[in-house]
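Let me begin by presenting the structure, written as C-alpha cells, before commenting on it.
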Amino acid sequence: MADEHALELIDLRREFAEKVAVDDMSLRVPYGSFYGVVGPNGAGKTTALSMAVGLLRPTSGRALVQGIDVWQDPISAKQRLGVLPDGLALPERLTGGELLTYWGRFRRLPREVVAARTEELLRILELDEAEALGTLVGEYSTGMRKKIGLATALLHAPKVLVLDEPYEAVDPVSARVLTRILRRFTEGGGAVVISSHVMAMVEQLCDRVAIVARGQVVADGTLDEVRRGASLEDRFVELVGAPEADEEELAWIAT
Ligand SMILES: Nc1ncnc2c1ncn2[C@@H]1O[C@H](COP(=O)(O)OP(=O)(O)OP(=O)(O)O)[C@@H](O)[C@H]1O
C-alpha cells in the first residue's frame with residue numbers, strides 16, 4: 001500500500017551540473033516515528049529534504065507524503081506537511097502573531113482557529129512576551145526565529161513534520177519545550193523527520209535514524225540497528241570515514 005509510510009523517498013536524485021548532490025536516495029518514514037537524518041557537511045541532507053517537501057525539484061525519483069506524490073499533487077501533499085526549511089526567509093516587518101495570523105489565513109484555516117492556535121503557540125514557545133512588546137520578526141534572535149518558523153510549520157496541524165536543524169540556536173529550556181511538542185506529535189501518530197549534526201541529541205530523541213554520506217543512505221533503521229552496540233557518533237565516523245590527522249597539518253597555528 002502506498003500510504004503505509006508517512007513519508008517515502010523513492011530513488012530521489014538531484015544533480016547540480018556535474019555534481020550529484022543526492023544519488024538515488026530511498027527512505028521510508030513510518031507513522032509515529034521520530035526520524036533523524038545525519039551526515040557530514042555537504043552530504044545531501046538539505047537537498048534531499050528540500051526535494052521531499054516540494055521546495056526543490058528532483059532530477060528524478062519521487063517523494064510521497066501519506067502516499068501522495070509531492071511533485072504530482074503538491075497542494076494535497078503540502079496540506080499534510082509541516083516544514084521548517086534551512087535558512088527560512090520570514091517577513092521581517094510583522095510580529096510573530098501577525099505572521100501566524102497571515103499564515104493561517106493563507107492556509108485557509110477559519111479565523112477563530114487561527115486566533116486560538118496563534119495565541120497557544122506563542123505562549124508555549126515563549127514568544128508571547130515579545131508579542132506583547134510588538135517585537136517584529138526582524139528583531140527576533142536566531143533561536144526565536146527558529147521557534148516562529150516551527151510555529152508556522154505546526155499551525156495547520158500537519159501529519160508529517162520535516163525540520164531542518166530545528167534545535168540549532170535554541171536554548172536548553174526552549175529545546176525541552178520543542179521536544180515535548182514533537183513527542184506529542186509522534187504520540188498522536190504523526191511522523192517527525194529532523195536533520196542534525198548533534199549525535200547525542202539524535203540518540204536521545206530519535207527512534208529511527210539514517211546516516212547519509214555522498215548523497216546516499218549508508219545506514220538506516222532503528223537506532224539500535226544503526227548503532228550496532230556502538231555510539232551513534234562512533235558508527236557515524238566509521239561509516240563516513242574520518243580524515244587521517246597529519247602531524248604537519250596547520251603546524252603554524254601552534255607556533
Ligand atoms: N544550489 C546548488 N548549486 C550547486 N550545488 C549545490 C546546490 N545546493 C547544494 N549543492 C551541493 O550539493 C551537495 C549537498 O549539499 P547539501 O546542502 O544538501 O548538504 P547537507 O548535507 O545539507 O550539508 P550541511 O550539513 O553542511 O548542511 C554539496 O556538495 C553542495 O555544494
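In the C-alpha cells, chains take letters A, B, ... by order of appearance, with residues numbered from 1 within each chain and ligands from 1 in the order shown.
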_DSSP strand (DSSP E) residues within region 71-192 of chain A, listed as a ChimeraX atom specification_ = /A:81-84,160-164,191-192
Keeping only C-alpha atoms, write the selected residues as a compact mmCIF listing (two decimals), in the first residue's frame.
```
# COMPACT_ATOMS: atom_id res chain seq x y z
CA LEU A 81 3.26 18.55 5.60
CA GLY A 82 4.78 20.95 8.10
CA VAL A 83 8.18 22.21 7.05
CA LEU A 84 10.99 24.10 8.72
CA VAL A 160 4.33 14.88 8.83
CA LEU A 161 6.90 17.38 10.05
CA VAL A 162 10.18 17.84 8.20
CA LEU A 163 12.52 20.06 10.16
CA ASP A 164 15.99 21.06 9.05
CA ALA A 191 5.95 11.49 11.92
CA VAL A 192 8.83 13.87 12.58
```
*Dump the neighbourhood of ligand 1 as an MDAnalysis selection string: all residues within 6 Å, distances computed on only C-alpha atoms and all ligand atoms.*
chainID A and resid 16 21 39:47
*Select, from A:Leu155, A:Ala200, A:Leu122, A:Met25, the residue with the minimum atom-to-atom distance to Phe236 (chain A), counting only C-alpha atoms.*
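Smallest distance to Phe236 (chain A) is found for A:Ala200.
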_Using only C-alpha atoms, can you tell me which of A:Ser174, A:Ser60, A:Ser33, A:Thr152 comes closest to Leu9 (chain A)?_
A:Ser60
*Report the distance between CA of Val29 (chain A) and CA of Asp69 (chain A) in Å, rounded to one decimal place.*
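For CA of Val29 (chain A) relative to CA of Asp69 (chain A), the distance reads 14.7 Å.
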*Using only C-alpha atoms, which residue out of A:Gln79, A:Gly87, A:Asp23, A:Lys159 lies closest to Glu187 (chain A)?*
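Closest to Glu187 (chain A), using only C-alpha atoms: A:Lys159.
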_Residues of region 45-225 of chain A in helix (DSSP H, G or I), written as a PyMOL selection string_ = chain A and resi 45-52+74-79+96-106+111-124+128-132+137-139+142-154+172-187+199-205+223-225
*Determine the nearest neighbour of Arg93 (chain A) from the options A:Thr118, A:Tyr140, A:Leu125, A:Gly67, counting only C-alpha atoms.*
A:Tyr140
_Please list as a PyMOL selection string every residue within 12 Å of Gly190 (chain A), counting only C-alpha atoms and excluding residues in the same chain fewer than 5 positions away._
chain A and resi 5-7+29-35+65-66+80-82+154+157-162+181-185
Just to be explicit: take each residue in the selection above, keep N, CA and C atoms, and write the result as a JSON list (two decimals), in the first residue's frame.
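Listing of again_0.json after writing:
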```json
[["chain", "number", "residue", "atom", "x", "y", "z"],
["A", 5, "HIS", "N", 3.52, 4.39, 4.67],
["A", 5, "HIS", "CA", 4.51, 5.23, 5.34],
["A", 5, "HIS", "C", 4.07, 6.69, 5.34],
["A", 6, "ALA", "N", 4.45, 7.38, 6.39],
["A", 6, "ALA", "CA", 4.10, 8.80, 6.48],
["A", 6, "ALA", "C", 4.83, 9.57, 5.37],
["A", 7, "LEU", "N", 6.09, 9.20, 5.18],
["A", 7, "LEU", "CA", 6.89, 9.85, 4.14],
["A", 7, "LEU", "C", 7.76, 8.78, 3.48],
["A", 29, "VAL", "N", 9.73, 6.51, 6.13],
["A", 29, "VAL", "CA", 9.50, 7.04, 7.48],
["A", 29, "VAL", "C", 8.13, 6.56, 7.96],
["A", 30, "PRO", "N", 8.11, 5.65, 8.95],
["A", 30, "PRO", "CA", 6.82, 5.12, 9.40],
["A", 30, "PRO", "C", 6.04, 6.16, 10.23],
["A", 31, "TYR", "N", 4.73, 5.95, 10.33],
["A", 31, "TYR", "CA", 3.90, 6.79, 11.20],
["A", 31, "TYR", "C", 4.38, 6.64, 12.65],
["A", 32, "GLY", "N", 4.29, 7.73, 13.37],
["A", 32, "GLY", "CA", 4.64, 7.70, 14.80],
["A", 32, "GLY", "C", 6.12, 7.70, 15.07],
["A", 33, "SER", "N", 6.92, 7.81, 14.02],
["A", 33, "SER", "CA", 8.37, 7.75, 14.27],
["A", 33, "SER", "C", 8.99, 9.14, 14.37],
["A", 34, "PHE", "N", 10.09, 9.18, 15.09],
["A", 34, "PHE", "CA", 10.91, 10.38, 15.23],
["A", 34, "PHE", "C", 12.21, 10.03, 14.52],
["A", 35, "TYR", "N", 12.36, 10.56, 13.33],
["A", 35, "TYR", "CA", 13.39, 10.08, 12.41],
["A", 35, "TYR", "C", 14.52, 11.11, 12.30],
["A", 65, "VAL", "N", 4.05, 11.78, 0.44],
["A", 65, "VAL", "CA", 3.61, 12.12, 1.80],
["A", 65, "VAL", "C", 2.25, 11.46, 1.98],
["A", 66, "GLN", "N", 2.17, 10.56, 2.92],
["A", 66, "GLN", "CA", 0.95, 9.76, 3.12],
["A", 66, "GLN", "C", 0.48, 9.18, 1.78],
["A", 80, "ARG", "N", -0.57, 18.18, 4.18],
["A", 80, "ARG", "CA", -0.22, 17.16, 5.17],
["A", 80, "ARG", "C", 1.15, 17.37, 5.77],
["A", 81, "LEU", "N", 1.86, 18.35, 5.24],
["A", 81, "LEU", "CA", 3.26, 18.55, 5.60],
["A", 81, "LEU", "C", 3.47, 19.83, 6.40],
["A", 82, "GLY", "N", 4.31, 19.75, 7.42],
["A", 82, "GLY", "CA", 4.78, 20.95, 8.10],
["A", 82, "GLY", "C", 6.29, 21.01, 7.89],
["A", 154, "LEU", "N", 3.64, 24.10, 12.36],
["A", 154, "LEU", "CA", 2.65, 23.35, 13.14],
["A", 154, "LEU", "C", 1.22, 23.84, 12.96],
["A", 157, "ALA", "N", -1.78, 21.91, 11.65],
["A", 157, "ALA", "CA", -1.90, 20.54, 12.17],
["A", 157, "ALA", "C", -1.59, 19.49, 11.10],
["A", 158, "PRO", "N", -0.35, 19.50, 10.58],
["A", 158, "PRO", "CA", 0.02, 18.52, 9.55],
["A", 158, "PRO", "C", 0.22, 17.13, 10.16],
["A", 159, "LYS", "N", 0.42, 16.14, 9.33],
["A", 159, "LYS", "CA", 0.67, 14.77, 9.82],
["A", 159, "LYS", "C", 2.15, 14.41, 9.77],
["A", 160, "VAL", "N", 2.89, 15.16, 8.97],
["A", 160, "VAL", "CA", 4.33, 14.88, 8.83],
["A", 160, "VAL", "C", 5.09, 16.20, 8.97],
["A", 161, "LEU", "N", 6.07, 16.18, 9.86],
["A", 161, "LEU", "CA", 6.90, 17.38, 10.05],
["A", 161, "LEU", "C", 8.31, 17.10, 9.53],
["A", 162, "VAL", "N", 8.81, 17.98, 8.70],
["A", 162, "VAL", "CA", 10.18, 17.84, 8.20],
["A", 162, "VAL", "C", 10.93, 19.10, 8.60],
["A", 181, "ILE", "N", 6.73, 19.11, 22.43],
["A", 181, "ILE", "CA", 5.75, 19.29, 21.33],
["A", 181, "ILE", "C", 5.93, 18.18, 20.29],
["A", 182, "LEU", "N", 7.18, 17.92, 19.93],
["A", 182, "LEU", "CA", 7.43, 16.93, 18.87],
["A", 182, "LEU", "C", 7.07, 15.52, 19.32],
["A", 183, "ARG", "N", 7.33, 15.23, 20.59],
["A", 183, "ARG", "CA", 6.96, 13.91, 21.10],
["A", 183, "ARG", "C", 5.44, 13.73, 21.11],
["A", 184, "ARG", "N", 4.76, 14.77, 21.50],
["A", 184, "ARG", "CA", 3.28, 14.71, 21.47],
["A", 184, "ARG", "C", 2.79, 14.47, 20.06],
["A", 185, "PHE", "N", 3.47, 15.10, 19.15],
["A", 185, "PHE", "CA", 3.11, 14.97, 17.74],
["A", 185, "PHE", "C", 3.26, 13.51, 17.28]]
```
_Could you list, as a ChimeraX atom specification, every residue within 9 Å of Pro58 (chain A), counting only C-alpha atoms and ignoring same-chain residues fewer than 3 positions away?_
/A:12-15,48,51-52,54,61-62,71
Write the residues of the selection above to a file with N, CA and C atoms, as a CSV table (one decimal), in the first residue's frame.
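So the final result, stored in again_0.csv, reads:
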```csv
chain,number,residue,atom,x,y,z
A,12,LEU,N,15.3,9.1,-5.1
A,12,LEU,CA,15.4,10.6,-5.3
A,12,LEU,C,16.8,11.0,-5.7
A,13,ARG,N,16.8,11.8,-6.7
A,13,ARG,CA,18.1,12.2,-7.3
A,13,ARG,C,18.2,13.7,-7.6
A,14,ARG,N,19.3,14.3,-7.3
A,14,ARG,CA,19.4,15.7,-7.7
A,14,ARG,C,20.9,15.9,-8.2
A,15,GLU,N,21.0,16.5,-9.4
A,15,GLU,CA,22.3,16.8,-9.9
A,15,GLU,C,22.3,18.3,-10.1
A,48,ALA,N,18.1,16.7,-0.1
A,48,ALA,CA,17.1,15.6,-0.1
A,48,ALA,C,15.8,16.0,0.5
A,51,MET,N,13.7,18.4,-1.6
A,51,MET,CA,13.0,17.7,-2.6
A,51,MET,C,11.8,16.9,-2.1
A,52,ALA,N,12.0,16.4,-0.8
A,52,ALA,CA,10.9,15.6,-0.2
A,52,ALA,C,9.7,16.5,0.1
A,54,GLY,N,8.8,19.4,-1.5
A,54,GLY,CA,8.3,20.2,-2.6
A,54,GLY,C,9.0,21.6,-2.8
A,61,GLY,N,13.1,10.6,-9.6
A,61,GLY,CA,12.7,10.0,-8.3
A,61,GLY,C,11.4,10.6,-7.8
A,62,ARG,N,10.9,10.1,-6.7
A,62,ARG,CA,9.6,10.6,-6.2
A,62,ARG,C,9.7,10.7,-4.7
A,71,TRP,N,5.3,16.0,-6.0
A,71,TRP,CA,5.5,16.8,-7.2
A,71,TRP,C,4.4,16.7,-8.2
```
*d(CA of Glu139 (chain A), CA of Gly96 (chain A)) in Å*: 10.4 Å
*Who sits within 10 Å of region 100-106 of chain A, only C-alpha atoms, same chain under 2 positions skipped, as a count of residues only*: 25
*Which one is closest to Leu99 (chain A): A:Glu233, A:Glu131, A:Asp171, A:Asp224? Count only C-alpha atoms.*
A:Glu131
*Which of these residues is nearest to Arg57 (chain A), using only C-alpha atoms: A:Gln72, A:Ser231, A:Gln216, A:Ser26?*
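Looking at the shortest contact to Arg57 (chain A), the residue is A:Gln72.
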